[in-house]
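Enquirer: Here it is, the structure, as structure tokens.
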Amino acid sequence: MKYSISHFKRFFQGFSAGKCMFFIAGAVGCQVLSAQTTVPLTDLSYFQNAGTTWRIASDVRGDFAQRAVLTTTPGSGILVNITDFNNTGSDLISTMQHGDMDLELDYMMALGSNSGIYMQGRYEIQLLDSWGVVNPKAGDNGGIYERWNEGKPQGQKGYEGHAPRLNASRAPGLWQHMKISFQAPHFNTAGQKTDNAKILRVELNGFTIQENVELSGPTRGALGNDEVPMGPLRLQGDHGPVAFRNIKVTTFDKPRPELLNLKYFVYKGKFEAQPDYKKQPPDAEGTSVILSSNVSNLENEFFIRYTGTLRVKEAGDYSFNLGFGGGRGAMTINNKEVITMNQRRSRGRVTLPAGDLPFELLYSKIFDFAKPSLGLAVGGPGIREYVISDQNVASGDPVDPIYINAPVNTVLRSFMDVDTIRVTHAVNVGSAQQLHYTYDMDKGMIVQAWRGGFLDATPMWHSRGDGSSRPAGSVLRFGIPIMALQTLGSANAAWSADTAGTGYRPKGYILDANDRPTFRYHIYGATVSDATRVLDNNQGLRREISVENAPANTFLRLAVAKTIETGGDGLYILDDKSYYLRVDDAGTVKPVIRDSNGQKELIVPVQNKISYSILF
């Protein structure tokens with residue numbers, strides 16, 4: 001099979017900037033072979049001396065209008081702390097001790113509640129009801145809490161706190177999803193600290209809010225001001241109700257493989273295959289303490305062969321991620337080919353025994369569009385992926401992202417990908433409150449809303465572009481784009497997937513005095529006005545749809561979700577408590593919850609006007 005130069009450019013650039021490249025300088029590897037442990041929540045035995053406020057439940061529900069309220073249903077699977085704001089609760093400390101660890105969980109805050117996750121019992125990721133906060137601080141949800149020094153002057157006692165990049169928080173009573181990658185402090189054999197602890201990454205509700213934050217010491221409220229190689233997981237429980245579920249722990253405490261006795265051999269020329277080592281002597285050779293492309297002083301058309309020993313201290317399955325600029329690479333370990341000399345493959349997995357194993361790595365630099373670079377990352381049982389080479393890894397042609405902010409009400413049209421569907425007539429509406437949405441003018445539907453930054457327009461404006469943009473925040477999606485209004489023979493009739501027979505004609509939008517759009521379209525001979533506005537206190541979006549001359553049996557589809565629960569007074573809780581929908585005004589009619597292709601639909605008959613709020 002033949003490939004063009006442009007093919008290789010795309011491949012190497014995609015490898016370097018893509019989904020699973022090395023994350024060097026302490027960032028998180030993307031390949032995890034370690035066994036993941038799910039914390040059993042049938043009882044409290046995973047924790048030490050659980051206090052009286054902690055319990056196990058099968059369901060929990062909050063109230064976004066009433067402080068400090070979480071109600072539970074008996075059963076198992078959810079860890080709940082029911083307490084007030086008067087320090088009546090106690091923290092929960094695991095029997096498990098950890099060093100480097102990845103933690104993933106869901107949590108729910110009661111209105112006004114304050115909690116935290118302490119890695120090793122000493123470094124706190126703040127959990128707080130920060131619903132609606134525009135400019136979050138270190139003490140807000142997802143922040144890395146301050147260190148504290150009582151000896152400093154008033155107003156300076158707290159220091160080294162780290163605010164989240166943006167507020168990706170959901171409303172109280174909704175489940176929020178958090179991932180934390182933590183690197184423990186390292187110590188030498190004399191017990192002296194050689195490396196600080198690091199929060200490598202925190203992801204909240206699908207968006208990265210912290211990355212590569214070095215911690216010089218424990219944060220305020222730690223179990224102790226000492227630092228240790230191993231410590232417990234600690235959940236704060238004395239500042240209001242909080243619930244947790246789906247707690248998954250991946251520890252990384254096994255010894256790393258080492259490369260020893262490295263020798264290199266450099267051959268000048270363009271090699272599509274390995275040189276004949278017996279017939280062709282190297283142009284340069286020597287020993288090295290680390291893998292690097294720098295052993296060659298050539299920019300192009302050379303071949304490097306490394307040989308040495310890989311010392312594996314624990315048998316198991318290992319992954320290898322090989323990066324190379326402008327060429328091809330291959331690797332053999334213990335006389336097994338792990339990565340072939342193939343442009344399309346740079347990852348390999350192999351089961352290795354413990355011991356000193358023969359190692360060979362090849363790099364053929366044959367294309368002049370990229371600078372020489374060579375990098376190797378390793379992951380394995382109990383080992384977070386790390387770089388075992390120098391930091392001169394393939395970088396391809398990195399692209400500076402092109403972000404569009406919304407300091408005022410902003411409207412931008414683009415393509416927008418929603419799941420596997422490209423919305424070709426998307427209108428993205430941004431606000432200074434950092435709450436934004438995408439409207440599909442082909443369907444008269446809001447397809448997504450998000451908090452944080454407005455748009456990443458890199459795919460639209462970089463180079464030739466493809467016309468699409470991406471939300472630059474934590475996204476809430478509302479399902480596959482489909483017509484919002486339909487006439488049905490009955491409330492049980494199926495919802496059509498297209499506009500056939502509707503006479504649908506989009507008529508664009510008009511802007512009000514504050515540059516907020518109201519969308520207009522014709523359907524079934526009716527005229528529709530569709531206006532969405534940000535709610536007070538940034539709690540969500542309020543949508544008002546007015547229909548003139550609506551034919552009989554016209555319905556509006558308010559939502560489709562895996563689950564729809566009723567909350568009373570026109571409130572609905574959707575998608576396993578992912579967001580709320582509140583019907584504010586539907587005239588004299590009431591919404592209907594019905595089954596639809598394995599999901600639930602919430603529809604309402606249309607009279608003249610319907611208004612509802614999306615709270616998240």
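Here's how to read the names in the structure tokens: chain A, B, ... by the order shown, residue numbers from 1 in each chain, ligand numbers from 1 in the order shown.
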Could you pull the residues within 12 Å of Ser389 of chain A, counting only C-alpha atoms, minus those fewer than 3 positions along the same chain, as a ChimeraX atom specification?
Expert: /A:22,24-25,258-259,262,288-294,306,320-324,361,373-378,386,392-394
Enquirer: Name the closest residue to Asp456 of chain A among the candidates A:Ile482, A:Ile404, A:Ala315, A:Ala494; distances are taken between atoms, counting only C-alpha atoms.
Expert: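 Answer, going by the shortest atom-to-atom distance: A:Ile404.
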Enquirer: Step one, run DSSP on the backbone; step two, keep only residues of segment 371-484 of chain A assigned to strand (DSSP E); then write them as a ChimeraX atom specification.
Expert: /A:374-380,383-387,403-404,410-418,421-430,435-440,445-456,468-477
Enquirer: Tell me which protein, DNA and RNA residues are within 9 Å of Asn553 of chain A, counting only C-alpha atoms, leaving out same-chain ones fewer than 2 positions away, and put them as a list of chain:residue names.
Expert: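 That gives A:Gln486, A:Thr487, A:Leu488, A:Gly489, A:Ser490, A:Ala491, A:Ala550, A:Pro551, A:Phe555, A:Pro605, A:Val606.
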Enquirer: Output N, CA and C atoms of each residue in that selection to a file, as a short mmCIF file (atom, residue, chain, number, x, y, z; two decimals), in the first residue's frame.
Expert:
```cif
data_model
loop_
_atom_site.label_atom_id
_atom_site.label_comp_id
_atom_site.auth_asym_id
_atom_site.auth_seq_id
_atom_site.Cartn_x
_atom_site.Cartn_y
_atom_site.Cartn_z
N GLN A 486 -44.92 19.04 16.50
CA GLN A 486 -45.55 18.09 15.57
C GLN A 486 -47.05 18.04 15.85
N THR A 487 -47.80 17.70 14.80
CA THR A 487 -49.21 17.36 15.02
C THR A 487 -49.31 15.85 15.11
N LEU A 488 -50.02 15.37 16.11
CA LEU A 488 -50.15 13.93 16.35
C LEU A 488 -51.62 13.54 16.36
N GLY A 489 -51.89 12.32 15.90
CA GLY A 489 -53.26 11.83 15.94
C GLY A 489 -53.75 11.66 17.36
N SER A 490 -52.81 11.35 18.27
CA SER A 490 -53.13 11.22 19.69
C SER A 490 -51.85 11.42 20.48
N ALA A 491 -51.98 11.48 21.80
CA ALA A 491 -50.80 11.68 22.64
C ALA A 491 -49.89 10.46 22.64
N ALA A 550 -52.20 27.67 15.73
CA ALA A 550 -51.77 26.28 15.89
C ALA A 550 -52.92 25.35 15.53
N PRO A 551 -52.66 24.37 14.65
CA PRO A 551 -53.72 23.41 14.33
C PRO A 551 -54.00 22.50 15.52
N PHE A 555 -48.33 19.31 19.31
CA PHE A 555 -47.60 19.05 20.56
C PHE A 555 -46.19 19.61 20.46
N PRO A 605 -49.40 19.40 24.93
CA PRO A 605 -50.24 20.01 23.88
C PRO A 605 -50.00 21.52 23.81
N VAL A 606 -50.05 22.05 22.60
CA VAL A 606 -49.80 23.47 22.38
C VAL A 606 -51.13 24.22 22.28
#
```
Enquirer: Residues near Lys198 of chain A, anyone? I mean within 7 Å using only C-alpha atoms, not counting same-chain ones fewer than 3 positions away, as an mmCIF file with N, CA and C atoms, in the first residue's frame.
Expert:
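Printed below is part12.cif as written:
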```cif
data_model
loop_
_atom_site.group_PDB
_atom_site.id
_atom_site.type_symbol
_atom_site.label_atom_id
_atom_site.label_comp_id
_atom_site.auth_asym_id
_atom_site.auth_seq_id
_atom_site.Cartn_x
_atom_site.Cartn_y
_atom_site.Cartn_z
ATOM 1 N N PHE A 182 -4.072 11.897 40.589
ATOM 2 C CA PHE A 182 -3.231 12.419 41.658
ATOM 3 C C PHE A 182 -1.879 11.728 41.644
ATOM 4 N N GLN A 183 -0.832 12.523 41.783
ATOM 5 C CA GLN A 183 0.520 11.990 41.925
ATOM 6 C C GLN A 183 1.013 12.297 43.323
ATOM 7 N N ALA A 184 1.343 11.266 44.082
ATOM 8 C CA ALA A 184 1.763 11.429 45.470
ATOM 9 C C ALA A 184 3.153 12.053 45.538
ATOM 10 N N ASN A 212 -2.044 19.713 35.990
ATOM 11 C CA ASN A 212 -0.636 19.873 36.358
ATOM 12 C C ASN A 212 -0.423 20.938 37.434
ATOM 13 N N VAL A 213 -1.110 20.778 38.548
ATOM 14 C CA VAL A 213 -0.965 21.706 39.668
ATOM 15 C C VAL A 213 -0.060 21.068 40.719
ATOM 16 N N GLU A 214 1.068 21.703 40.979
ATOM 17 C CA GLU A 214 2.010 21.194 41.970
ATOM 18 C C GLU A 214 1.634 21.722 43.340
ATOM 19 N N LEU A 215 1.696 20.843 44.359
ATOM 20 C CA LEU A 215 1.278 21.181 45.710
ATOM 21 C C LEU A 215 2.504 21.144 46.617
#
```
Enquirer: What is the atom CA of Tyr264 of chain A to atom CA of Tyr318 of chain A distance in Å?
Expert: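 If I compute the distance from atom CA of Tyr264 of chain A to atom CA of Tyr318 of chain A, I get 23.8 Å.
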Enquirer: Mind checking which residues fall within 6 Å of segment 154-166 of chain A, counting only C-alpha atoms, ignoring those fewer than 4 positions away in the same chain, and posting them as an MDAnalysis selection string?
Expert: chainID A and resid 137:138 142:150 209:210 452
Enquirer: Let me make sure I understand: among A:Ile610, A:Pro459, A:Glu548, A:Ser468, which one has the smallest atom-to-atom distance to Ala426 of chain A if we use only C-alpha atoms?
Expert: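 Closest residue, counting only C-alpha atoms: A:Ser468.
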Enquirer: Using only C-alpha atoms, which of the listed residues (A:Ser58, A:Thr438, A:Asn300, A:Asn405) sits closest to Ala370 of chain A?
Expert: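 That would be A:Asn300, the residue with the smallest distance to Ala370 of chain A.
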Enquirer: Tell me, in Å to one decimal, how far atom CA of Ser115 of chain A is from atom CA of Asp63 of chain A.
Expert: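 Computed distance, atom CA of Ser115 of chain A to atom CA of Asp63 of chain A, equals 17.2 Å.
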Enquirer: Excluding Ser319 of chain A and residues on its chain fewer than 4 positions from it, collect all residues at most 6 Å away from it, counting only C-alpha atoms, and give them as number ranges by chain.
Expert: A: 348-349, 378-379
Enquirer: Write a file of the just-selected residues containing C-alpha atoms, as a JSON list (two decimals), in the first residue's frame.
Expert:
```
[["chain", "number", "residue", "atom", "x", "y", "z"],
["A", 348, "GLY", "CA", 1.70, -2.14, 21.33],
["A", 349, "ARG", "CA", 0.88, -4.44, 24.22],
["A", 378, "VAL", "CA", 5.22, 2.86, 29.13],
["A", 379, "GLY", "CA", 2.25, 1.76, 31.19]]
```
Enquirer: Need to verify the contact set: segment 249-253 of chain A, 10 Å, only C-alpha atoms, exclusion of same-chain residues closer than 2 positions in sequence. Can you return it as a ChimeraX atom specification?
Expert: /A:32-39,97-105,180-184,229-230,233,246-247,255-256,379-385
Enquirer: Keeping N, CA and C atoms, export the residues of the selection given above as a short mmCIF file (atom, residue, chain, number, x, y, z; two decimals), in the first residue's frame.
Expert:
```cif
data_model
loop_
_atom_site.label_atom_id
_atom_site.label_comp_id
_atom_site.auth_asym_id
_atom_site.auth_seq_id
_atom_site.Cartn_x
_atom_site.Cartn_y
_atom_site.Cartn_z
N VAL A 32 -4.34 2.97 30.67
CA VAL A 32 -4.32 2.42 32.02
C VAL A 32 -4.59 0.93 31.94
N LEU A 33 -3.58 0.14 32.34
CA LEU A 33 -3.75 -1.30 32.36
C LEU A 33 -4.05 -1.82 33.75
N SER A 34 -3.93 -0.97 34.77
CA SER A 34 -4.14 -1.41 36.13
C SER A 34 -5.61 -1.78 36.34
N ALA A 35 -5.82 -2.72 37.25
CA ALA A 35 -7.17 -3.12 37.59
C ALA A 35 -7.86 -1.98 38.34
N GLN A 36 -9.06 -1.69 37.96
CA GLN A 36 -9.83 -0.63 38.61
C GLN A 36 -10.72 -1.26 39.66
N THR A 37 -10.72 -0.67 40.84
CA THR A 37 -11.53 -1.17 41.95
C THR A 37 -12.74 -0.27 42.13
N THR A 38 -13.91 -0.88 42.17
CA THR A 38 -15.14 -0.14 42.49
C THR A 38 -15.42 -0.31 43.98
N VAL A 39 -15.51 0.80 44.68
CA VAL A 39 -15.73 0.75 46.13
C VAL A 39 -17.11 0.13 46.40
N GLN A 97 -5.06 2.62 51.74
CA GLN A 97 -4.01 3.62 51.68
C GLN A 97 -3.53 3.71 50.24
N HIS A 98 -3.26 4.92 49.77
CA HIS A 98 -2.87 5.06 48.37
C HIS A 98 -1.70 6.02 48.20
N GLY A 99 -0.98 5.82 47.12
CA GLY A 99 0.02 6.77 46.65
C GLY A 99 -0.53 7.43 45.40
N ASP A 100 0.10 7.18 44.24
CA ASP A 100 -0.45 7.67 42.97
C ASP A 100 -1.80 7.00 42.74
N MET A 101 -2.80 7.79 42.34
CA MET A 101 -4.14 7.21 42.21
C MET A 101 -4.98 8.01 41.24
N ASP A 102 -5.85 7.33 40.52
CA ASP A 102 -6.94 7.95 39.77
C ASP A 102 -8.23 7.64 40.50
N LEU A 103 -9.05 8.66 40.68
CA LEU A 103 -10.34 8.51 41.37
C LEU A 103 -11.43 9.03 40.45
N GLU A 104 -12.49 8.26 40.34
CA GLU A 104 -13.65 8.65 39.52
C GLU A 104 -14.91 8.38 40.33
N LEU A 105 -15.82 9.35 40.35
CA LEU A 105 -17.05 9.17 41.14
C LEU A 105 -18.13 10.14 40.69
N ILE A 180 -10.31 12.52 39.08
CA ILE A 180 -9.11 13.14 39.65
C ILE A 180 -7.93 12.21 39.39
N SER A 181 -6.85 12.76 38.85
CA SER A 181 -5.59 12.02 38.72
C SER A 181 -4.58 12.68 39.64
N PHE A 182 -4.07 11.90 40.59
CA PHE A 182 -3.23 12.42 41.66
C PHE A 182 -1.88 11.73 41.64
N GLN A 183 -0.83 12.52 41.78
CA GLN A 183 0.52 11.99 41.93
C GLN A 183 1.01 12.30 43.32
N ALA A 184 1.34 11.27 44.08
CA ALA A 184 1.76 11.43 45.47
C ALA A 184 3.15 12.05 45.54
N PRO A 229 4.25 8.88 51.78
CA PRO A 229 4.12 8.17 50.50
C PRO A 229 2.74 7.57 50.29
N MET A 230 2.09 7.16 51.39
CA MET A 230 0.78 6.50 51.31
C MET A 230 -0.14 7.14 52.34
N LEU A 233 -7.96 7.84 51.51
CA LEU A 233 -8.94 8.71 50.86
C LEU A 233 -9.88 9.22 51.95
N ASN A 246 -20.82 5.22 42.57
CA ASN A 246 -19.92 4.81 41.47
C ASN A 246 -18.48 5.25 41.73
N ILE A 247 -17.99 4.97 42.95
CA ILE A 247 -16.64 5.37 43.33
C ILE A 247 -15.66 4.33 42.78
N PRO A 255 6.60 -0.85 40.86
CA PRO A 255 7.87 -0.30 40.35
C PRO A 255 7.87 -0.21 38.83
N ARG A 256 8.48 0.85 38.32
CA ARG A 256 8.53 1.07 36.88
C ARG A 256 9.64 0.25 36.23
N GLY A 379 3.23 1.95 30.14
CA GLY A 379 2.25 1.76 31.19
C GLY A 379 2.17 0.29 31.51
N GLY A 380 1.72 -0.05 32.71
CA GLY A 380 1.67 -1.46 33.07
C GLY A 380 0.87 -1.70 34.32
N PRO A 381 0.98 -2.88 34.89
CA PRO A 381 0.20 -3.22 36.08
C PRO A 381 0.61 -2.35 37.26
N GLY A 382 -0.31 -1.51 37.72
CA GLY A 382 -0.01 -0.62 38.83
C GLY A 382 0.91 0.52 38.46
N ILE A 383 1.03 0.86 37.15
CA ILE A 383 1.96 1.89 36.70
C ILE A 383 1.20 2.84 35.78
N ARG A 384 1.09 4.11 36.17
CA ARG A 384 0.51 5.11 35.28
C ARG A 384 1.49 5.37 34.14
N GLU A 385 0.97 5.50 32.93
CA GLU A 385 1.83 5.68 31.77
C GLU A 385 2.80 6.84 31.98
#
```
